[in-house]
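For reference, the structure discussed in these notes is given below.
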There are 2 protein chains.
Amino acid sequence: MTQHSTVGAGSSSAPLYRRDRFLLSDEVVYLDGNSLGPLPASVPERMAAAVREEWGGSLVKGWNEAGWFDLPWRIAAQIAPLVGAEPGSIAVGDSTSVNLFKVLGAALGLVGPRRRILSDAGNFPTDLYIADGLTKLVGDGYHVTPLPSEDVEAAIGDDVAIVMLTEVDYRTGRRRDMKAVTEAAHAAGAIVIWDLAHSAGAFPVRLSECRADFAVGCGYKFLNGGPGAPAFLYVAPRHAGAVAPVIAGWMGHDAPFAFESAYRPGQGLRKMQAGTPPILSMTALHEALTLFDDVDLSALEAESRRLGDLFIAEVERRCPDLELAAPRDAVARGSQVSFRHPDGYAIMQALIERNVIGDFRAPDILRFGITPLYTGEDDIRRASETIEGILRNRLWDADAYRVRAAVT
Amino acid sequence: MTQHSTVGAGSSSAPLYRRDRFLLSDEVVYLDGNSLGPLPASVPERMAAAVREEWGGSLVKGWNEAGWFDLPWRIAAQIAPLVGAEPGSIAVGDSTSVNLFKVLGAALGLVGPRRRILSDAGNFPTDLYIADGLTKLVGDGYHVTPLPSEDVEAAIGDDVAIVMLTEVDYRTGRRRDMKAVTEAAHAAGAIVIWDLAHSAGAFPVRLSECRADFAVGCGYKFLNGGPGAPAFLYVAPRHAGAVAPVIAGWMGHDAPFAFESAYRPGQGLRKMQAGTPPILSMTALHEALTLFDDVDLSALEAESRRLGDLFIAEVERRCPDLELAAPRDAVARGSQVSFRHPDGYAIMQALIERNVIGDFRAPDILRFGITPLYTGEDDIRRASETIEGILRNRLWDADAYRVRAAVT
């Protein structure tokens, strides 16, 4: 077995492992690309040009000359194949939270008399908060029912308007069967909204094939778009004509620069755009996504599973105090591995100080993203050894590692 | 009279005119800073550091180490004095459209049984679209009544829930009397929302002094934050405790990294934040705002009026075919001058080709922003002469100038 897989070669013969295309110190084992992807090597130069030449040089003409006006749609075209979406069915902009608000609001128009939004109590909190806030705003009996993760699928009945789930659990990495859940929801007459925060860029997502109705996703995790990168949303083409945008901004108007006083929704998903797009953040995301031009996502998934299995085996062999929180079966797991430990926070701080970077998720989860584009077997072994050393010698047991930072 | 005013000196003795602190070609007369502010000279280096050192070097630790988590609040503290807002009463993030959605949604919780949102039919379209979309989402009888600009103030009666106005009209530059309108609204028991898109960074806005209830503003016009820069919102401290966020995202939670399943609104205006902030775009805005550290806004306003008066006088003397669309009285005018002409679009394209950059707003407005930080008398005279030459020789009368670009 080679250190770095080239199984992603496919017809392009490009190696899957491409750490040299990231600016990532050799000293770092970066297992947190599921929180913030590292800096693609081509981004700094592209950003410098966007700042100096486009903003500085073209000034307001950049909206046309530099293609800013269409930049969100060029990014959408990059993301669509990564998530198995039909051309024209992705819109890019705003945060994941705002995008979820948009698709939930749009979906409410399709559910007839049903009022229940079914979700997972362990869903990423913003999804639950956003849905709850939206139902309170709309009133009319809409409500969110969060159930224990394992009870959600059985609860999909004919009183359910919308099933709102995240494909990969942010804590445990458990991956839901998108196709089976979507089919069950449709059989019950419900709409499904998928949160792809931990899916897009990690493995082949099959929105169209699974007949998903709506989805949202994140630009700054596996897509490497930079801190707080713009997010995206998906609307199945069969719904695109029927949905009305609830945040109806001027950039979603059919003719924004006609400055008409009445709103006319833009063509296709243009109407889902609200305000002026943040071009600098968009530029970084657009450039970062070029890294995926020659990535075979199925090969990426296979390599992630192989490295994840290796990591579990190494850690379990070395660290009996860590309890596996992720599914042991790689097929039921997203591109991350998680372990539980009551002192997880301090252990993670000790790890980070030793340049093995993962993150901690309350209450007790040590979380490690597996990203074969810049992570190989050597990294997995080094991470495992470092964890072992920290636990064996109780190196985490220091006051400095217990101080909680604002962001964990 | 000197070419470049230093009336902004104040106690800092810093000159108001500071074109050398922008990367702006000497060949350009830039009269479109009310659409997109030019590039501040210190931004490229700051952005390069944010990309390479913070994102590339700190990776996910940047949220704490590089201060990303608090960046929106540091920007808010920069903006507050520019708009006369109390400390802690500004929140930064998202687009102006989304911010308007947020404050309108919040304001609906304060209006009791009233249901009418009064606005100006000539308001910037996104404000009308957003309000209309929100009222349709909420139902319950809420509705928007756009009236002709000159009829709005007289229509503020006891059936009005919210008066939603833009302080400076984006087409004509007409500036409303914020204090008088706010007082009239309060006397009628209504809430006032001000859109400061063409105010913030152009002259001293006095939100607190005028007892405004809510406001929104734009980061990429007079604040020079870059294309699509994050926007901001204002909530008067007397309302901050009572309002509930309608887009209730995780970054507005009291403890985002506790990952609690139930939403608890964050302290102060933290709750108005929704998703993860776009750090790269935020960084540019933060750096750009340092340009205002030593600007005397009253002096800026005075100089803008002087240059605006000069521009009107020069253009009217040279170009009898242009009809003044802006108020002649500088006190009733924002920091822009507008003229009407049936061939305004083509004339503006001819001007832009000659490096006098303003913009066109349908149906017939030639719009020129006046920004004394980088515009002096020479620029005003050169712009006037160029317009004169184009009109006198019908240089605009060419097919190439009639092709409408996506963004005007």
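Chain labels run A, B, ... following the order of the structure tokens; each chain numbers its residues from 1, and ligands are numbered from 1 in the order shown.
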Please return, as a ChimeraX atom specification, all residues of chain B lying within 7 Å of chain A when only C-alpha atoms are considered. /B:23-24,36,38-39,44,48,51-52,55-56,59-60,63-64,94-98,121,125-126,129-130,133-134,137-138,226-230,246-250,257-263,274-281,362,405-408
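The shell of residues at most 7 Å from Val29 of chain B, with only C-alpha atoms counted and near chain neighbours (fewer than 3 positions) removed, consists of Asn355, Val356, Ile357, Asp379 and Ala383 of chain B.
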For atom CA of Asp151 of chain B and atom CA of Leu118 of chain B, determine how far apart the two atoms are, in Å to one decimal place.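 Straight-line distance from atom CA of Asp151 of chain B to atom CA of Leu118 of chain B works out to 10.6 Å.
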Where in segment 21-269 of chain A does DSSP assign helix (DSSP H, G or I), given as a PyMOL selection string? chain A and resi 21+43-65+71-82+96-108+125-138+149-151+153-155+178-187+237-240+250-252+256-258+268-269
Using only C-alpha atoms, please write the residues we just selected to a file, as a compact mmCIF listing (two decimals), in the first residue's frame.
# COMPACT_ATOMS: atom_id res chain seq x y z
CA ARG A 21 -1.82 22.40 -3.93
CA VAL A 43 -5.99 31.44 -3.73
CA PRO A 44 -3.58 34.14 -2.48
CA GLU A 45 -2.59 35.22 -5.98
CA ARG A 46 -6.17 35.12 -7.20
CA MET A 47 -7.33 37.18 -4.23
CA ALA A 48 -4.57 39.72 -4.75
CA ALA A 49 -5.68 40.15 -8.36
CA ALA A 50 -9.32 40.45 -7.35
CA VAL A 51 -8.44 43.16 -4.86
CA ARG A 52 -5.89 45.16 -6.85
CA GLU A 53 -6.90 44.65 -10.46
CA GLU A 54 -10.63 44.10 -10.23
CA TRP A 55 -11.73 46.24 -7.32
CA GLY A 56 -8.83 48.68 -7.52
CA GLY A 57 -8.56 48.80 -11.30
CA SER A 58 -12.02 48.16 -12.68
CA LEU A 59 -13.79 49.88 -9.81
CA VAL A 60 -17.56 49.73 -10.26
CA LYS A 61 -17.05 48.44 -13.80
CA GLY A 62 -15.92 45.18 -12.20
CA TRP A 63 -19.54 44.09 -11.94
CA ASN A 64 -19.46 43.62 -15.70
CA GLU A 65 -15.77 43.50 -16.68
CA LEU A 71 -19.79 35.02 -10.08
CA PRO A 72 -22.38 33.34 -7.82
CA TRP A 73 -23.68 31.44 -10.84
CA ARG A 74 -20.24 30.38 -11.97
CA ILE A 75 -19.65 28.99 -8.48
CA ALA A 76 -23.04 27.29 -8.60
CA ALA A 77 -21.94 25.54 -11.79
CA GLN A 78 -18.81 24.32 -9.99
CA ILE A 79 -20.77 22.99 -7.02
CA ALA A 80 -23.57 21.29 -8.96
CA PRO A 81 -21.54 18.26 -10.10
CA LEU A 82 -20.07 17.83 -6.61
CA THR A 96 -25.86 28.23 5.44
CA SER A 97 -28.30 29.50 8.08
CA VAL A 98 -29.81 32.07 5.74
CA ASN A 99 -29.96 29.52 2.93
CA LEU A 100 -31.82 27.11 5.17
CA PHE A 101 -34.25 29.90 6.01
CA LYS A 102 -34.73 30.46 2.29
CA VAL A 103 -35.38 26.85 1.34
CA LEU A 104 -37.57 26.16 4.35
CA GLY A 105 -39.59 29.26 3.57
CA ALA A 106 -39.87 28.17 -0.05
CA ALA A 107 -40.83 24.63 0.96
CA LEU A 108 -43.67 25.86 3.16
CA PRO A 125 -28.22 23.49 16.15
CA THR A 126 -28.56 26.28 13.60
CA ASP A 127 -30.90 24.10 11.55
CA LEU A 128 -33.22 23.66 14.50
CA TYR A 129 -32.96 27.32 15.53
CA ILE A 130 -33.66 28.58 12.02
CA ALA A 131 -36.63 26.28 11.55
CA ASP A 132 -38.05 27.18 14.93
CA GLY A 133 -37.60 30.90 14.27
CA LEU A 134 -39.24 30.63 10.88
CA THR A 135 -42.25 28.72 12.18
CA LYS A 136 -42.73 31.30 14.93
CA LEU A 137 -42.59 34.08 12.35
CA VAL A 138 -45.07 32.41 10.02
CA SER A 149 -31.70 10.63 15.85
CA GLU A 150 -32.65 6.98 15.72
CA ASP A 151 -36.39 7.68 15.88
CA GLU A 153 -37.13 7.79 10.08
CA ALA A 154 -39.87 5.75 11.75
CA ALA A 155 -41.77 8.95 12.50
CA MET A 178 -30.23 9.88 1.49
CA LYS A 179 -32.02 7.73 -1.02
CA ALA A 180 -33.94 5.61 1.48
CA VAL A 181 -34.98 8.56 3.65
CA THR A 182 -36.03 10.62 0.66
CA GLU A 183 -38.08 7.75 -0.71
CA ALA A 184 -39.75 7.20 2.66
CA ALA A 185 -40.58 10.88 2.93
CA HIS A 186 -42.01 11.01 -0.57
CA ALA A 187 -44.04 7.88 0.08
CA PRO A 237 -35.94 21.55 -10.96
CA ARG A 238 -39.45 20.14 -10.53
CA HIS A 239 -40.03 22.68 -7.72
CA ALA A 240 -38.13 25.64 -9.14
CA TRP A 250 -33.27 43.03 -5.62
CA MET A 251 -30.62 40.61 -6.88
CA GLY A 252 -33.38 38.03 -7.23
CA PRO A 256 -32.42 44.21 -10.98
CA PHE A 257 -31.13 47.21 -12.87
CA ALA A 258 -34.52 48.18 -14.21
CA GLY A 268 -34.75 29.84 -12.61
CA LEU A 269 -33.06 30.14 -9.24
Spatial neighbours of Ser199 of chain A, max dist 12 Å, only C-alpha atoms, sep filter under 2 positions, as a ChimeraX atom specification: /A:33-35,79,82-84,166-170,173-176,178,194-197,201-207,215-223,297,300-301,333-336,369-371
Give me a file of those residues, with N, CA and C atoms, as a short mmCIF file (atom, residue, chain, number, x, y, z; two decimals), in the first residue's frame.
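Writing done, so here's part_15.cif:
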data_model
loop_
_atom_site.label_atom_id
_atom_site.label_comp_id
_atom_site.auth_asym_id
_atom_site.auth_seq_id
_atom_site.Cartn_x
_atom_site.Cartn_y
_atom_site.Cartn_z
N GLY A 33 -10.49 19.83 8.36
CA GLY A 33 -11.02 20.36 7.11
C GLY A 33 -12.53 20.25 7.03
N ASN A 34 -13.11 19.52 7.98
CA ASN A 34 -14.57 19.47 8.08
C ASN A 34 -15.12 20.65 8.87
N SER A 35 -14.22 21.46 9.43
CA SER A 35 -14.64 22.69 10.10
C SER A 35 -14.23 23.89 9.26
N ILE A 79 -20.27 23.82 -8.12
CA ILE A 79 -20.77 22.99 -7.02
C ILE A 79 -21.73 21.91 -7.50
N LEU A 82 -20.57 18.41 -7.86
CA LEU A 82 -20.07 17.83 -6.61
C LEU A 82 -21.20 17.26 -5.76
N VAL A 83 -22.40 17.76 -5.96
CA VAL A 83 -23.52 17.30 -5.14
C VAL A 83 -24.59 16.61 -5.99
N GLY A 84 -24.22 16.26 -7.21
CA GLY A 84 -25.15 15.52 -8.06
C GLY A 84 -26.41 16.30 -8.39
N THR A 166 -29.70 16.56 8.36
CA THR A 166 -28.33 16.72 7.88
C THR A 166 -27.82 15.33 7.51
N GLU A 167 -27.23 15.25 6.32
CA GLU A 167 -26.84 13.92 5.85
C GLU A 167 -25.80 13.29 6.78
N VAL A 168 -24.78 14.07 7.15
CA VAL A 168 -23.73 13.55 8.03
C VAL A 168 -23.78 14.30 9.35
N ASP A 169 -23.96 13.56 10.44
CA ASP A 169 -24.05 14.15 11.76
C ASP A 169 -22.73 14.85 12.13
N TYR A 170 -22.85 16.10 12.57
CA TYR A 170 -21.63 16.88 12.80
C TYR A 170 -20.82 16.36 13.98
N GLY A 173 -20.50 11.82 12.89
CA GLY A 173 -20.15 11.44 11.54
C GLY A 173 -21.11 10.41 10.94
N ARG A 174 -22.15 10.04 11.67
CA ARG A 174 -23.10 9.07 11.12
C ARG A 174 -23.74 9.63 9.84
N ARG A 175 -23.73 8.82 8.82
CA ARG A 175 -24.26 9.25 7.52
C ARG A 175 -25.61 8.58 7.27
N ARG A 176 -26.60 9.41 6.97
CA ARG A 176 -27.91 8.85 6.67
C ARG A 176 -27.97 8.37 5.22
N MET A 178 -29.43 8.82 2.12
CA MET A 178 -30.23 9.88 1.49
C MET A 178 -31.35 9.32 0.63
N TRP A 194 -32.22 18.53 2.74
CA TRP A 194 -30.96 17.95 3.21
C TRP A 194 -29.94 19.06 3.49
N ASP A 195 -29.31 18.98 4.64
CA ASP A 195 -28.17 19.84 4.93
C ASP A 195 -26.90 19.06 4.58
N LEU A 196 -26.15 19.59 3.63
CA LEU A 196 -24.96 18.90 3.12
C LEU A 196 -23.67 19.48 3.68
N ALA A 197 -23.75 20.13 4.84
CA ALA A 197 -22.57 20.81 5.39
C ALA A 197 -21.36 19.88 5.45
N GLY A 201 -18.14 17.99 -1.17
CA GLY A 201 -16.69 17.99 -1.29
C GLY A 201 -16.03 16.83 -0.56
N ALA A 202 -16.83 16.05 0.17
CA ALA A 202 -16.26 14.92 0.92
C ALA A 202 -16.48 13.60 0.20
N PHE A 203 -17.59 13.50 -0.50
CA PHE A 203 -17.93 12.27 -1.24
C PHE A 203 -19.00 12.64 -2.26
N PRO A 204 -19.30 11.74 -3.18
CA PRO A 204 -20.31 12.09 -4.18
C PRO A 204 -21.70 12.16 -3.54
N VAL A 205 -22.29 13.33 -3.56
CA VAL A 205 -23.67 13.49 -3.11
C VAL A 205 -24.55 13.30 -4.34
N ARG A 206 -25.69 12.69 -4.17
CA ARG A 206 -26.51 12.35 -5.34
C ARG A 206 -27.91 12.95 -5.19
N LEU A 207 -27.97 14.26 -5.19
CA LEU A 207 -29.25 14.95 -4.96
C LEU A 207 -30.28 14.56 -6.00
N ALA A 215 -31.91 21.39 -0.66
CA ALA A 215 -30.71 21.14 0.13
C ALA A 215 -30.01 22.47 0.39
N VAL A 216 -29.17 22.46 1.39
CA VAL A 216 -28.25 23.58 1.63
C VAL A 216 -26.88 22.99 1.90
N GLY A 217 -25.85 23.80 1.74
CA GLY A 217 -24.51 23.31 2.02
C GLY A 217 -23.57 24.46 2.32
N CYS A 218 -22.40 24.09 2.78
CA CYS A 218 -21.45 25.03 3.34
C CYS A 218 -20.23 25.16 2.43
N GLY A 219 -19.72 26.38 2.29
CA GLY A 219 -18.58 26.60 1.41
C GLY A 219 -17.22 26.52 2.07
N TYR A 220 -17.18 26.49 3.39
CA TYR A 220 -15.87 26.64 4.05
C TYR A 220 -15.33 25.36 4.68
N LYS A 221 -16.06 24.27 4.55
CA LYS A 221 -15.57 23.00 5.11
C LYS A 221 -14.81 22.24 4.02
N PHE A 222 -15.38 21.17 3.53
CA PHE A 222 -14.66 20.35 2.54
C PHE A 222 -14.46 21.08 1.21
N LEU A 223 -15.17 22.18 0.99
CA LEU A 223 -14.98 22.91 -0.26
C LEU A 223 -13.84 23.92 -0.17
N LEU A 297 -14.76 11.86 -7.20
CA LEU A 297 -15.36 11.88 -5.86
C LEU A 297 -15.56 10.47 -5.29
N LEU A 300 -12.33 9.57 -3.92
CA LEU A 300 -12.13 10.34 -2.69
C LEU A 300 -12.85 9.66 -1.53
N GLU A 301 -14.07 9.25 -1.79
CA GLU A 301 -14.86 8.58 -0.76
C GLU A 301 -14.19 7.27 -0.33
N ARG A 333 -20.68 6.10 7.55
CA ARG A 333 -19.90 7.18 8.16
C ARG A 333 -19.59 8.23 7.10
N GLY A 334 -19.66 9.49 7.48
CA GLY A 334 -19.18 10.55 6.61
C GLY A 334 -17.66 10.60 6.65
N SER A 335 -17.09 11.69 6.19
CA SER A 335 -15.63 11.77 6.09
C SER A 335 -15.02 12.31 7.38
N GLN A 336 -15.41 11.71 8.49
CA GLN A 336 -14.84 12.11 9.78
C GLN A 336 -14.92 10.94 10.74
N GLY A 369 -11.65 15.30 11.02
CA GLY A 369 -12.05 15.21 9.62
C GLY A 369 -10.99 14.47 8.81
N ILE A 370 -11.44 13.68 7.86
CA ILE A 370 -10.53 12.90 7.03
C ILE A 370 -10.63 13.44 5.60
N THR A 371 -9.55 14.03 5.15
CA THR A 371 -9.58 14.70 3.85
C THR A 371 -8.40 14.23 3.01
#
